[in-house]
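These notes concern the structure reproduced below.
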Amino acid sequence: MFSKNDELDDITTGTLKFLLLPYYVADLLIKIVDSSHLAHLLAAKALLLHFVEKCRALSILKDSEFEQLLEGNPGDRQARITRHKKEREVDARLGALCQRRKRLAKKKAGAAAEDEPVPEEDESLAEEVDREYQLLLLEQCLRKAADKLHMCGKEIELLSLSQQQKDDAVEDHRRRQEEAAKGPKVDPVLIVPRQLEERERILGQMFNPQSLPTMTIDEYMALHPEEFAGQTSAPPPAKKSEEEEEDEDGDAATYKKRQWDDWTDHNPKGAGNRKGNTG
């Protein structure tokens, strides 16, 4: 639609709005946040640069303002204040021009409804207002494009660093897997005898009935008395005779009788009666 050799005066008023297409597409791509956000930002940055270069070629702004806008320090506080003031002024002018466009369009529609011809002065004025509006809109979008370019550059740098770290981690994991696959193979360690005969011999010893006792302790002591000659068993307790048992029973009865006599001496008959009956 536009040639590299076109100048601003060569572009008709109705075609100026198409210069804004790269800006609006880039603004839309910046707002899309998904898994391909980095690719969207790179595409948006390319579109914004194309839009800025086209505006520079058409001299939408003065060269000095272009240099200050694109090559200046974005973090400069005074530059930001100046730029914001300029944007507010342009917004105010755009609002006034928009109202004039509406009034002229309404006047033109009224004349058409009454089948009256529109004066050439009104036609010329409407085109002049419309062109001024389109140029101011380009100027405003150009300033916003400079801010978006700076923002895209910062975000692309961060996302590229994050993506590089992910790629490095994937590459490191792949390299470790390849090294592990190329490593020497280690034979499994067998913890059981490899020969079947040795295994059968061990099992036979495990369940051999000869490992059970073949004699009792008394039989062994009878066969080997010399080993137990110095060892004597404790003698069984002596059994008491009948006389000793009778004597012990008599002594117990005598001791019990003496205790009863002592108790009656200290507790006379009727001592525990509350009514005092002692007879």
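As shown in the structure tokens, the chain order sets the letters A, B, ...; within each chain, residues go from 1, and ligands are also counted from 1 in the order they appear.
The environment of stretch 8-19 of chain A within 8 Å, counting only C-alpha atoms and disregarding residues fewer than 3 places along the same chain, consists of A:Pro22, A:Phe51, A:Leu58, A:Ser59, A:Glu127, A:Asp130, A:Arg131, A:Gln134, A:Leu135, A:Leu138.
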Let's have the selection written as a PDB file, in the first residue's frame, with N, CA, C and O atoms.
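Output below, filename selection-v5.pdb:
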```pdb
ATOM      1  N   PRO A  22       0.457  -1.649  11.897  1.00  0.00           N
ATOM      2  CA  PRO A  22       1.511  -2.362  12.638  1.00  0.00           C
ATOM      3  C   PRO A  22       1.494  -2.048  14.137  1.00  0.00           C
ATOM      4  O   PRO A  22       1.745  -2.939  14.962  1.00  0.00           O
ATOM      5  N   PHE A  51       6.914   0.314  12.301  1.00  0.00           N
ATOM      6  CA  PHE A  51       6.050   1.488  12.414  1.00  0.00           C
ATOM      7  C   PHE A  51       6.859   2.754  12.687  1.00  0.00           C
ATOM      8  O   PHE A  51       6.625   3.805  12.073  1.00  0.00           O
ATOM      9  N   LEU A  58       8.501   9.377   6.984  1.00  0.00           N
ATOM     10  CA  LEU A  58       7.473  10.350   6.594  1.00  0.00           C
ATOM     11  C   LEU A  58       7.573  11.651   7.379  1.00  0.00           C
ATOM     12  O   LEU A  58       6.764  12.564   7.152  1.00  0.00           O
ATOM     13  N   SER A  59       8.554  11.729   8.299  1.00  0.00           N
ATOM     14  CA  SER A  59       8.774  12.952   9.109  1.00  0.00           C
ATOM     15  C   SER A  59       7.528  13.336   9.887  1.00  0.00           C
ATOM     16  O   SER A  59       7.088  14.499   9.882  1.00  0.00           O
ATOM     17  N   GLU A 127     -11.988  17.744   5.305  1.00  0.00           N
ATOM     18  CA  GLU A 127     -10.783  16.983   4.972  1.00  0.00           C
ATOM     19  C   GLU A 127      -9.576  17.498   5.741  1.00  0.00           C
ATOM     20  O   GLU A 127      -8.738  16.712   6.196  1.00  0.00           O
ATOM     21  N   ASP A 130      -9.929  16.257   9.302  1.00  0.00           N
ATOM     22  CA  ASP A 130      -9.687  14.805   9.350  1.00  0.00           C
ATOM     23  C   ASP A 130      -8.198  14.492   9.204  1.00  0.00           C
ATOM     24  O   ASP A 130      -7.650  13.627   9.904  1.00  0.00           O
ATOM     25  N   ARG A 131      -7.493  15.208   8.330  1.00  0.00           N
ATOM     26  CA  ARG A 131      -6.057  14.960   8.141  1.00  0.00           C
ATOM     27  C   ARG A 131      -5.271  15.356   9.378  1.00  0.00           C
ATOM     28  O   ARG A 131      -4.347  14.654   9.801  1.00  0.00           O
ATOM     29  N   GLN A 134      -5.723  12.619  11.940  1.00  0.00           N
ATOM     30  CA  GLN A 134      -4.951  11.414  11.649  1.00  0.00           C
ATOM     31  C   GLN A 134      -3.457  11.610  11.942  1.00  0.00           C
ATOM     32  O   GLN A 134      -2.791  10.715  12.481  1.00  0.00           O
ATOM     33  N   LEU A 135      -2.921  12.786  11.615  1.00  0.00           N
ATOM     34  CA  LEU A 135      -1.503  13.055  11.879  1.00  0.00           C
ATOM     35  C   LEU A 135      -1.218  13.135  13.381  1.00  0.00           C
ATOM     36  O   LEU A 135      -0.187  12.643  13.862  1.00  0.00           O
ATOM     37  N   LEU A 138      -1.208   9.642  14.715  1.00  0.00           N
ATOM     38  CA  LEU A 138       0.068   8.989  14.421  1.00  0.00           C
ATOM     39  C   LEU A 138       1.160   9.451  15.378  1.00  0.00           C
ATOM     40  O   LEU A 138       1.971   8.655  15.865  1.00  0.00           O
TER      41      LEU A 138
END
```
Practice item. Tell me, as a ChimeraX atom specification, which residues lie within 7 Å of stretch 146-150 of chain A, counting only C-alpha atoms; anything in the same chain fewer than 6 positions away does not count. Key: /A:45,48,69-70
Would you export the selected residues with N, CA, C and O atoms as a PDB file, in the first residue's frame, please?
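Result went into out.pdb, see below:
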```pdb
ATOM      1  N   LYS A  45       7.846  -6.469  18.725  1.00  0.00           N
ATOM      2  CA  LYS A  45       8.983  -5.544  18.622  1.00  0.00           C
ATOM      3  C   LYS A  45       9.323  -5.250  17.167  1.00  0.00           C
ATOM      4  O   LYS A  45       9.605  -4.101  16.802  1.00  0.00           O
ATOM      5  N   LEU A  48       6.683  -2.844  15.809  1.00  0.00           N
ATOM      6  CA  LEU A  48       6.859  -1.487  16.336  1.00  0.00           C
ATOM      7  C   LEU A  48       8.035  -0.784  15.668  1.00  0.00           C
ATOM      8  O   LEU A  48       7.960   0.422  15.355  1.00  0.00           O
ATOM      9  N   LEU A  69      13.205  10.782  21.571  1.00  0.00           N
ATOM     10  CA  LEU A  69      12.181   9.800  21.902  1.00  0.00           C
ATOM     11  C   LEU A  69      12.721   8.379  21.868  1.00  0.00           C
ATOM     12  O   LEU A  69      12.398   7.557  22.741  1.00  0.00           O
ATOM     13  N   LEU A  70      13.568   8.067  20.912  1.00  0.00           N
ATOM     14  CA  LEU A  70      14.015   6.689  20.715  1.00  0.00           C
ATOM     15  C   LEU A  70      15.394   6.411  21.302  1.00  0.00           C
ATOM     16  O   LEU A  70      15.672   5.289  21.730  1.00  0.00           O
TER      17      LEU A  70
END
```
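Look at A:Ile156: the protein and nucleic acid residues within 12 Å of it, using only C-alpha atoms and passing over chain neighbours fewer than 2 places away, are Ile30, Ser36, His37, Leu38, Ala39, His40, Leu41, Leu42, Ala43, Ala44, Lys45, Lys148, Leu149, His150, Met151, Cys152, Gly153, Lys154, Leu158, Leu159, Ser160, Leu161, Ser162, Gln163 and Gln164 of chain A.
In the backbone-derived DSSP annotation, alpha helix (DSSP H) within stretch 17-54 of chain A comprises Leu21, Pro22, Tyr23, Tyr24, Val25, Ala26, Asp27, Leu28, Leu29, Ile30, Lys31, His37, Leu38, Ala39, His40, Leu41, Leu42, Ala43, Ala44, Lys45, Ala46, Leu47, Leu48, Leu49, His50, Phe51, Val52, Glu53 and Lys54 of chain A.
Here atom CA of A:Ala57 stands at a distance of 26.9 Å from atom CA of A:Gly95.
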Check your understanding: Do you know which residues are at most 12 Å from A:Phe228 counting only C-alpha atoms, after dropping those on the same chain fewer than 6 positions away, and could you put them as a list of chain:residue names?
Key -> A:Ile217, A:Asp218, A:Tyr220, A:Met221, A:Ala222
Atoms kept (N, CA, C and O atoms) for selection, written as a compact mmCIF listing (two decimals), in the first residue's frame:
```
# COMPACT_ATOMS: atom_id res chain seq x y z
N ILE A 217 21.61 -86.50 79.47
CA ILE A 217 22.72 -86.04 80.30
C ILE A 217 23.16 -87.15 81.26
O ILE A 217 24.36 -87.35 81.51
N ASP A 218 22.19 -87.88 81.82
CA ASP A 218 22.55 -88.97 82.76
C ASP A 218 23.35 -90.06 82.06
O ASP A 218 24.33 -90.59 82.63
N TYR A 220 25.26 -89.63 79.48
CA TYR A 220 26.60 -89.11 79.22
C TYR A 220 27.44 -89.12 80.49
O TYR A 220 28.64 -89.44 80.46
N MET A 221 26.85 -88.79 81.65
CA MET A 221 27.59 -88.81 82.92
C MET A 221 27.99 -90.22 83.28
O MET A 221 29.08 -90.45 83.85
N ALA A 222 27.15 -91.24 82.93
CA ALA A 222 27.52 -92.64 83.23
C ALA A 222 28.68 -93.10 82.37
O ALA A 222 29.53 -93.89 82.81
```
